[in-house]
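entry-v3.txt (compact mmCIF, C-alpha atoms and all ligand atoms) appears below.
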# COMPACT_ATOMS: atom_id res chain seq x y z
CA MET A 662 106.98 113.60 117.78
CA LEU A 663 106.32 113.47 114.05
CA THR A 664 106.64 116.74 112.14
CA THR A 665 103.73 118.08 110.08
CA ASN A 666 105.73 117.24 106.99
CA GLU A 667 106.31 113.66 108.12
CA ILE A 668 102.59 113.21 108.86
CA ARG A 669 101.73 114.53 105.38
CA ASN A 670 104.23 112.16 103.75
CA LEU A 671 103.00 109.17 105.77
CA SER A 672 99.39 109.98 104.98
CA ASN A 673 100.17 110.19 101.26
CA PHE A 674 102.20 106.99 101.42
CA ALA A 675 99.18 105.27 103.01
CA THR A 676 96.81 106.64 100.39
CA ASN A 677 99.15 105.43 97.65
CA ILE A 678 99.30 102.01 99.32
CA ARG A 679 95.48 101.93 99.20
CA MET A 680 95.51 103.06 95.58
CA GLU A 681 98.06 100.47 94.41
CA THR A 682 96.30 97.76 96.43
CA MET A 683 92.97 98.45 94.76
CA LYS A 684 94.54 98.73 91.29
CA SER A 685 96.22 95.36 91.71
CA ILE A 686 93.05 93.71 93.03
CA ALA A 687 91.07 95.24 90.14
CA SER A 688 93.62 93.83 87.69
CA VAL A 689 92.67 90.32 88.78
CA GLY A 690 89.02 91.27 89.40
CA THR A 691 88.60 90.23 93.02
CA GLY A 692 90.51 90.04 96.31
CA HIS A 693 90.76 90.81 100.00
CA THR A 694 89.94 94.50 99.93
CA GLY A 695 88.62 95.30 103.44
CA GLY A 696 91.47 93.88 105.51
CA SER A 697 94.10 95.25 103.12
CA LEU A 698 92.76 98.78 103.41
CA SER A 699 92.57 98.67 107.21
CA ILE A 700 96.34 98.13 107.59
CA ALA A 701 97.57 100.70 105.04
CA ASP A 702 98.37 103.27 107.74
CA ILE A 703 100.45 100.96 109.93
CA LEU A 704 102.30 99.72 106.83
CA SER A 705 102.98 103.31 105.86
CA LEU A 706 104.35 104.16 109.32
CA LEU A 707 106.48 101.00 109.49
CA TYR A 708 108.00 101.23 106.00
CA GLY A 709 107.93 105.02 105.82
CA LYS A 710 109.51 105.82 109.17
CA VAL A 711 110.04 103.07 111.71
CA MET A 712 111.65 100.05 110.09
CA LYS A 713 115.34 99.65 109.37
CA VAL A 714 115.29 98.13 105.88
CA ASP A 715 117.15 98.42 102.59
CA PRO A 716 115.04 97.85 99.45
CA ASN A 717 118.25 97.20 97.50
CA ASN A 718 119.25 94.48 99.93
CA PRO A 719 116.06 92.67 101.04
CA PHE A 720 117.97 90.02 103.01
CA TRP A 721 120.21 92.53 104.83
CA GLU A 722 121.08 90.76 108.09
CA GLU A 723 120.63 93.85 110.28
CA ARG A 724 117.15 94.67 108.96
CA ASP A 725 113.92 94.77 110.92
CA TRP A 726 111.44 92.10 109.89
CA LEU A 727 107.72 92.29 109.22
CA ILE A 728 105.54 89.22 109.41
CA LEU A 729 102.07 89.84 108.05
CA SER A 730 100.34 86.99 109.81
CA LYS A 731 96.97 88.05 108.37
CA GLY A 732 98.41 87.02 105.02
CA HIS A 733 95.19 87.58 103.09
CA SER A 734 96.13 91.29 103.20
CA GLY A 735 99.18 90.52 101.04
CA PRO A 736 98.15 93.03 98.34
CA ALA A 737 98.63 95.91 100.80
CA LEU A 738 102.06 94.61 101.81
CA TYR A 739 103.10 94.29 98.16
CA ALA A 740 101.89 97.83 97.47
CA ALA A 741 103.97 99.15 100.39
CA LEU A 742 107.05 97.22 99.22
CA GLY A 743 106.66 98.36 95.61
CA LEU A 744 106.26 102.00 96.63
CA LYS A 745 109.24 101.65 98.96
CA GLY A 746 111.36 100.64 95.96
CA TYR A 747 111.80 96.87 96.29
CA PHE A 748 110.44 96.39 92.74
CA PRO A 749 108.60 98.42 90.08
CA THR A 750 104.97 99.08 91.06
CA GLU A 751 103.81 97.98 87.56
CA GLU A 752 104.58 94.41 88.66
CA LEU A 753 101.75 94.68 91.19
CA LEU A 754 99.32 94.30 88.31
CA THR A 755 100.33 90.65 87.96
CA LEU A 756 98.74 89.95 91.38
CA ASN A 757 97.53 86.39 91.77
CA LYS A 758 97.94 85.59 88.07
CA PRO A 759 99.75 82.49 86.78
CA GLY A 760 103.54 82.76 87.21
CA THR A 761 103.35 85.92 89.31
CA ASN A 762 105.78 86.92 92.06
CA TYR A 763 102.77 88.39 93.92
CA PRO A 764 100.50 85.53 95.00
CA SER A 765 97.31 86.32 96.90
CA HIS A 766 99.10 85.42 100.17
CA PRO A 767 102.77 86.29 100.87
CA ASP A 768 105.56 83.91 99.86
CA TRP A 769 109.08 84.98 100.88
CA THR A 770 110.63 82.87 98.13
CA LYS A 771 108.79 84.91 95.48
CA THR A 772 108.46 88.54 96.55
CA LYS A 773 111.36 90.88 97.31
CA GLY A 774 110.92 92.31 100.80
CA VAL A 775 108.52 89.66 102.11
CA ASP A 776 110.16 88.25 105.23
CA MET A 777 107.89 85.26 105.88
CA SER A 778 105.28 83.26 104.02
CA THR A 779 101.87 83.54 105.67
CA GLY A 780 98.19 82.88 105.05
CA SER A 781 97.24 80.13 107.43
CA LEU A 782 95.92 82.28 110.26
CA GLY A 783 97.77 81.95 113.57
CA GLN A 784 100.96 80.51 112.14
CA GLY A 785 102.61 83.87 111.54
CA ALA A 786 102.54 84.49 115.28
CA SER A 787 104.59 81.37 115.97
CA THR A 788 107.06 81.94 113.14
CA ALA A 789 107.57 85.59 114.13
CA LEU A 790 108.36 84.65 117.71
CA GLY A 791 110.71 81.86 116.64
CA ILE A 792 112.52 84.35 114.42
CA ALA A 793 112.64 86.84 117.30
CA LEU A 794 114.14 84.22 119.63
CA GLY A 795 116.77 83.38 117.00
CA HIS A 796 117.72 87.04 116.68
CA LYS A 797 117.91 87.43 120.45
CA MET A 798 120.17 84.37 120.72
CA ASN A 799 122.41 85.91 118.06
CA LYS A 800 122.43 89.18 120.06
CA LYS A 801 120.95 91.20 117.19
CA ASP A 802 119.34 94.53 118.01
CA ASN A 803 116.73 94.55 115.24
CA TYR A 804 112.96 94.36 115.74
CA ILE A 805 110.42 91.83 114.56
CA TYR A 806 107.06 93.43 113.74
CA LEU A 807 104.02 91.20 113.55
CA ILE A 808 100.57 92.08 112.22
CA LEU A 809 97.66 89.91 113.36
CA GLY A 810 93.98 90.16 112.50
CA ASP A 811 91.37 90.41 115.24
CA GLY A 812 89.48 87.39 113.91
CA GLU A 813 92.84 85.66 113.60
CA ILE A 814 93.51 85.84 117.33
CA GLN A 815 90.59 83.47 117.87
CA GLU A 816 93.16 80.83 116.84
CA GLY A 817 94.50 78.95 119.89
CA GLN A 818 97.98 78.98 118.35
CA VAL A 819 98.21 82.74 118.92
CA TRP A 820 97.84 82.31 122.68
CA GLU A 821 100.41 79.54 122.80
CA ALA A 822 102.74 81.92 120.96
CA ALA A 823 101.84 84.68 123.43
CA LEU A 824 102.96 82.48 126.34
CA PHE A 825 106.18 81.62 124.52
CA ALA A 826 107.06 85.28 123.91
CA ASN A 827 106.59 86.04 127.57
CA GLN A 828 108.64 83.01 128.67
CA PHE A 829 111.60 84.06 126.49
CA GLU A 830 111.26 87.77 127.29
CA LEU A 831 111.07 88.65 123.59
CA ASP A 832 111.31 92.43 123.88
CA ASN A 833 112.44 92.56 120.26
CA VAL A 834 108.85 91.81 119.19
CA ILE A 835 106.21 94.44 118.56
CA ALA A 836 102.92 92.85 117.55
CA PHE A 837 99.88 94.69 116.25
CA VAL A 838 96.29 93.50 116.19
CA ASP A 839 94.29 95.04 113.36
CA TRP A 840 91.16 95.54 115.49
CA ASN A 841 88.73 96.26 112.66
CA LYS A 842 85.97 94.40 114.53
CA LEU A 843 85.12 92.27 111.50
CA GLN A 844 86.23 88.87 110.29
CA LEU A 845 85.34 86.87 107.18
CA ASP A 846 81.58 86.93 107.46
CA GLY A 847 80.60 89.12 110.34
CA TYR A 848 81.44 90.98 113.56
CA THR A 849 84.05 89.28 115.77
CA LYS A 850 81.85 90.25 118.73
CA LYS A 851 79.01 88.10 117.42
CA ILE A 852 81.10 85.18 116.14
CA ASN A 853 83.63 84.66 118.95
CA ASN A 854 83.90 87.71 121.17
CA LEU A 855 87.50 88.72 121.92
CA GLY A 856 86.63 90.88 124.91
CA ASN A 857 89.38 93.30 125.92
CA ILE A 858 92.35 92.37 123.70
CA GLU A 859 94.77 94.70 125.46
CA LYS A 860 93.97 93.23 128.89
CA LYS A 861 94.16 89.66 127.60
CA PHE A 862 97.70 90.13 126.26
CA GLU A 863 98.62 91.99 129.44
CA ALA A 864 97.50 88.93 131.40
CA PHE A 865 99.84 86.87 129.21
CA GLY A 866 102.74 89.10 130.35
CA TRP A 867 102.87 91.48 127.38
CA HIS A 868 103.24 95.25 127.49
CA SER A 869 99.93 96.26 125.91
CA GLN A 870 98.46 99.43 124.47
CA THR A 871 95.47 100.41 122.33
CA VAL A 872 95.57 103.28 119.83
CA ASN A 873 93.78 104.62 116.77
CA GLY A 874 95.23 102.62 113.86
CA HIS A 875 94.64 105.49 111.46
CA ASP A 876 96.49 108.09 113.57
CA PHE A 877 100.21 108.20 112.80
CA GLN A 878 101.19 110.14 115.93
CA GLU A 879 99.32 107.77 118.26
CA MET A 880 100.89 104.74 116.57
CA GLU A 881 104.37 106.27 116.62
CA ASN A 882 104.05 107.14 120.34
CA ALA A 883 102.97 103.57 121.06
CA ILE A 884 105.95 102.12 119.19
CA VAL A 885 108.34 104.42 121.06
CA ALA A 886 106.76 103.36 124.38
CA ALA A 887 106.96 99.69 123.37
CA LYS A 888 110.69 99.98 122.67
CA LYS A 889 111.30 101.45 126.14
CA GLU A 890 109.77 98.38 127.80
CA LYS A 891 112.57 95.88 128.41
CA GLY A 892 112.17 92.17 129.16
CA LYS A 893 108.63 91.89 127.69
CA PRO A 894 107.08 91.50 124.26
CA SER A 895 104.80 94.36 123.18
CA LEU A 896 101.31 94.39 121.78
CA ILE A 897 99.64 97.38 120.17
CA VAL A 898 95.93 97.06 119.41
CA LEU A 899 95.11 99.22 116.40
CA SER A 900 91.51 100.33 116.36
CA THR A 901 90.79 100.46 112.64
CA ILE A 902 88.04 100.55 110.04
CA LYS A 903 87.82 97.58 107.72
CA GLY A 904 87.76 98.99 104.17
CA LYS A 905 89.20 102.36 105.27
CA GLY A 906 89.59 104.84 102.43
CA TYR A 907 86.76 103.78 100.15
CA SER A 908 83.53 104.94 101.79
CA LYS A 909 81.25 102.38 100.15
CA LEU A 910 83.35 99.57 101.61
CA GLU A 911 84.03 100.95 105.10
CA ASN A 912 82.68 98.82 107.94
CA THR A 913 80.47 96.70 105.71
CA ILE A 914 80.05 93.05 106.63
CA SER A 915 80.52 92.00 103.02
CA ASN A 916 83.86 93.82 102.54
CA HIS A 917 86.14 90.85 103.31
CA SER A 918 86.72 89.77 99.73
CA THR A 919 85.09 91.78 96.99
CA ALA A 920 84.95 92.06 93.23
CA VAL A 921 86.56 95.24 91.89
CA SER A 922 85.74 96.04 88.28
CA GLN A 923 87.66 98.61 86.25
CA GLU A 924 84.53 100.79 86.47
CA ILE A 925 84.45 100.66 90.28
CA LEU A 926 88.22 101.22 90.34
CA LYS A 927 87.77 104.62 88.67
CA GLU A 928 85.42 105.63 91.49
CA ILE A 929 87.84 104.31 94.13
CA VAL A 930 90.86 106.08 92.62
CA SER A 931 88.99 109.34 92.46
CA GLU A 932 87.94 109.07 96.14
CA LEU A 933 91.48 108.16 97.18
CA GLU A 934 93.02 110.95 95.09
CA SER A 935 90.87 113.43 97.01
CA GLN A 936 92.55 112.17 100.20
CA LEU A 937 96.07 113.11 99.03
CA LEU A 938 97.46 116.03 101.04
C1 LIG A 1001 93.76 78.75 109.62
C2 LIG A 1001 92.90 79.53 108.69
N1 LIG A 1001 91.55 79.42 108.77
C3 LIG A 1001 90.77 80.12 107.93
C4 LIG A 1001 91.31 80.94 106.98
C5 LIG A 1001 90.41 81.70 106.02
N2 LIG A 1001 90.36 83.10 106.34
C6 LIG A 1001 91.12 84.01 105.69
S1 LIG A 1001 90.92 85.57 106.27
C7 LIG A 1001 89.80 85.06 107.42
C8 LIG A 1001 89.18 86.06 108.38
C9 LIG A 1001 90.18 86.67 109.26
O1 LIG A 1001 89.62 87.72 109.99
P1 LIG A 1001 90.53 88.84 110.60
O2 LIG A 1001 91.68 88.22 111.27
O3 LIG A 1001 89.67 89.70 111.43
O4 LIG A 1001 91.11 89.61 109.36
P2 LIG A 1001 90.42 90.77 108.47
O5 LIG A 1001 89.52 90.05 107.53
O6 LIG A 1001 89.69 91.67 109.36
O7 LIG A 1001 91.54 91.39 107.74
C10 LIG A 1001 89.59 83.70 107.34
C11 LIG A 1001 88.67 82.93 108.20
C12 LIG A 1001 92.72 81.02 106.92
N3 LIG A 1001 93.35 81.82 106.03
N4 LIG A 1001 93.49 80.31 107.79
MG MG A 1002 89.28 91.70 111.36

Represent the structure of the file as structure tokens.
Ligand SMILES: Cc1ncc(C[n+]2csc(CCOP(=O)(O)OP(=O)(O)O)c2C)c(N)n1
Ligand SMILES: [Mg+2]
Amino acid sequence: MLTTNEIRNLSNFATNIRMETMKSIASVGTGHTGGSLSIADILSLLYGKVMKVDPNNPFWEERDWLILSKGHSGPALYAALGLKGYFPTEELLTLNKPGTNYPSHPDWTKTKGVDMSTGSLGQGASTALGIALGHKMNKKDNYIYLILGDGEIQEGQVWEAALFANQFELDNVIAFVDWNKLQLDGYTKKINNLGNIEKKFEAFGWHSQTVNGHDFQEMENAIVAAKKEKGKPSLIVLSTIKGKGYSKLENTISNHSTAVSQEILKEIVSELESQLL
């Protein structure tokens, strides 16, 4: 059970992730806003409470790993890492500019704290599970967290990976699907309906749950339950709002990649500041 104080801190961490994400995207003028904002709360919970990491030692062998398979949401991951202390947050303003350590999609050779390069949808699932198998073979007790997009799981590769995780009993994997119901240019339901994601993964042998991806207690409970399940990989579907935090962007079909001017940024920052507890 999270304390009231922990929930306040996690909520503020998430709001600050949203704020830094939008500032960095505004600094380059455009970027993947919607899908970055929808995962701010899970990033806050993972880096703020759940994950065993050391910002002063990004390659610490005992650490938990995070693979952001929906790599287009890199700006949100960078914001979380900067706020966690891996590097000064001012560096976020070099996002996607020539020579930057913060490219639009994650690159582990460039950014402190990024565990795996991602961006080609589906591939992060396979790499995460390969990493998890390696850790299991080395008898490590750390966890591999994986964040997938809902549109992303239309990729066949994800289901091949799902079979693999079941075959090798990868109970050191906790995967999340950011179920924001939208993909690049429309509703997943209309483009390639995913049906019941929880039941589909369950049929592939995973321990599966669905929770509100903006509710810290529900997510924390699901992670605790996932860790109790031995011999199976775990999937947690996060029901989220694409664009969460900036009302004009929330749930809009056109919020995948948007222009953010300095003028609009002022409006966004003021709305986000009002969400600080
Ligand atoms: C293999 C591959 N195909 C296409 C793309 C282009 N692309 C980037 S994000 C995206 C939509 C993904 O939708 P979803 O997984 O729902 O993520 P969200 O936009 O909701 O964050 C697409 C098609 C890509 N990065 N990789
Ligand atoms: Mg989506």

Open item on the list: Quick check, in Å to one decimal: how far apart do CA of Glu816 (chain A) and atom C2 of ligand LIG 1001 (chain A) lie?
Closed with: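 The value is 8.3 Å.
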
Open item on the list: Residues within 8 Å of Ser869 (chain A), please, as a ChimeraX atom specification. Count all atoms listed in the file; anything in the same chain fewer than 6 positions from it doesn't count.
Closed with: /A:859-860,862-863,895-898

Task: Length of the CA of Gln870 (chain A) to CA of Ile858 (chain A) vector [Å] - done: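 One can read the CA of Gln870 (chain A) to CA of Ile858 (chain A) distance as 9.4 Å.
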
Could you give me, as a Markdown table, a per-residue list for chain A showing, wherever an atom lies at most 10 Å from an atom of ligand MG 1002 (chain A), the closest pair of atoms and their distance in Å to one decimal, using only C-alpha atoms and all ligand atoms and sorting by chain then residue number from low to high?
| residue | atom | partner | partner_atom | distance |
| --- | --- | --- | --- | --- |
| A:Gly695 | CA | A:MG1002 | MG | 8.7 |
| A:Gly696 | CA | A:MG1002 | MG | 6.6 |
| A:Ser699 | CA | A:MG1002 | MG | 8.8 |
| A:Lys731 | CA | A:MG1002 | MG | 9.0 |
| A:Leu809 | CA | A:MG1002 | MG | 8.8 |
| A:Gly810 | CA | A:MG1002 | MG | 5.1 |
| A:Asp811 | CA | A:MG1002 | MG | 4.6 |
| A:Gly812 | CA | A:MG1002 | MG | 5.0 |
| A:Glu813 | CA | A:MG1002 | MG | 7.4 |
| A:Ile814 | CA | A:MG1002 | MG | 9.4 |
| A:Val838 | CA | A:MG1002 | MG | 8.7 |
| A:Asp839 | CA | A:MG1002 | MG | 6.3 |
| A:Trp840 | CA | A:MG1002 | MG | 5.9 |
| A:Asn841 | CA | A:MG1002 | MG | 4.8 |
| A:Lys842 | CA | A:MG1002 | MG | 5.3 |
| A:Leu843 | CA | A:MG1002 | MG | 4.2 |
| A:Gln844 | CA | A:MG1002 | MG | 4.3 |
| A:Leu845 | CA | A:MG1002 | MG | 7.5 |
| A:Asp846 | CA | A:MG1002 | MG | 9.9 |
| A:Gly847 | CA | A:MG1002 | MG | 9.1 |
| A:Tyr848 | CA | A:MG1002 | MG | 8.2 |
| A:Thr849 | CA | A:MG1002 | MG | 7.3 |
| A:Thr901 | CA | A:MG1002 | MG | 9.0 |
| A:Ile902 | CA | A:MG1002 | MG | 9.0 |
| A:Lys903 | CA | A:MG1002 | MG | 7.1 |
| A:His917 | CA | A:MG1002 | MG | 8.7 |

Open item on the list: Please compute the CA of Tyr804 (chain A)-CA of Asp702 (chain A) distance, one decimal, in Å.
Closed with: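 Going from CA of Tyr804 (chain A) over to CA of Asp702 (chain A) covers 18.9 Å.
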
TODO: Considering all atoms listed in the file, state which residue in the set A:Tyr708, A:Phe865, A:Phe837, A:Phe674 is at the smallest distance from ligand LIG 1001 (chain A).
DONE: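 Distance minimum relative to ligand LIG 1001 (chain A) lands on A:Phe837.
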
Task: Distance criterion (all atoms listed in the file): nearest to ligand LIG 1001 (chain A) out of A:Gly743, A:Thr871, A:Gly735, A:Leu753 - done: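 Counting all atoms listed in the file, the residue closest to ligand LIG 1001 (chain A) is A:Gly735.
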
Which residues, written as an mmCIF file with C-alpha atoms, in the coordinates of the input, have at least one atom at most 10 Å from Gly906 (chain A), with all atoms listed in the file counted and residues fewer than 6 positions away on the same chain left out?
data_model
loop_
_atom_site.group_PDB
_atom_site.id
_atom_site.type_symbol
_atom_site.label_atom_id
_atom_site.label_comp_id
_atom_site.auth_asym_id
_atom_site.auth_seq_id
_atom_site.Cartn_x
_atom_site.Cartn_y
_atom_site.Cartn_z
ATOM 1 C CA ALA A 675 99.180 105.270 103.010
ATOM 2 C CA THR A 676 96.810 106.640 100.390
ATOM 3 C CA ARG A 679 95.480 101.930 99.200
ATOM 4 C CA MET A 680 95.510 103.060 95.580
ATOM 5 C CA GLY A 695 88.620 95.300 103.440
ATOM 6 C CA LEU A 698 92.760 98.780 103.410
ATOM 7 C CA SER A 699 92.570 98.670 107.210
ATOM 8 C CA ALA A 701 97.570 100.700 105.040
ATOM 9 C CA ILE A 929 87.840 104.310 94.130
ATOM 10 C CA VAL A 930 90.860 106.080 92.620
ATOM 11 C CA GLU A 932 87.940 109.070 96.140
ATOM 12 C CA LEU A 933 91.480 108.160 97.180
ATOM 13 C CA GLN A 936 92.550 112.170 100.200
#

TODO: May I ask which of the residues A:Asn799, A:Asn873, A:Ser915, A:Asn853 is the closest one to Leu899 (chain A), counting all atoms listed in the file?
DONE: A:Asn873

Task: Option closest in space to Asn916 (chain A), from A:Thr788, A:Gly904, A:Leu663, A:Ala740 [counting all atoms listed in the file] - done: A:Gly904
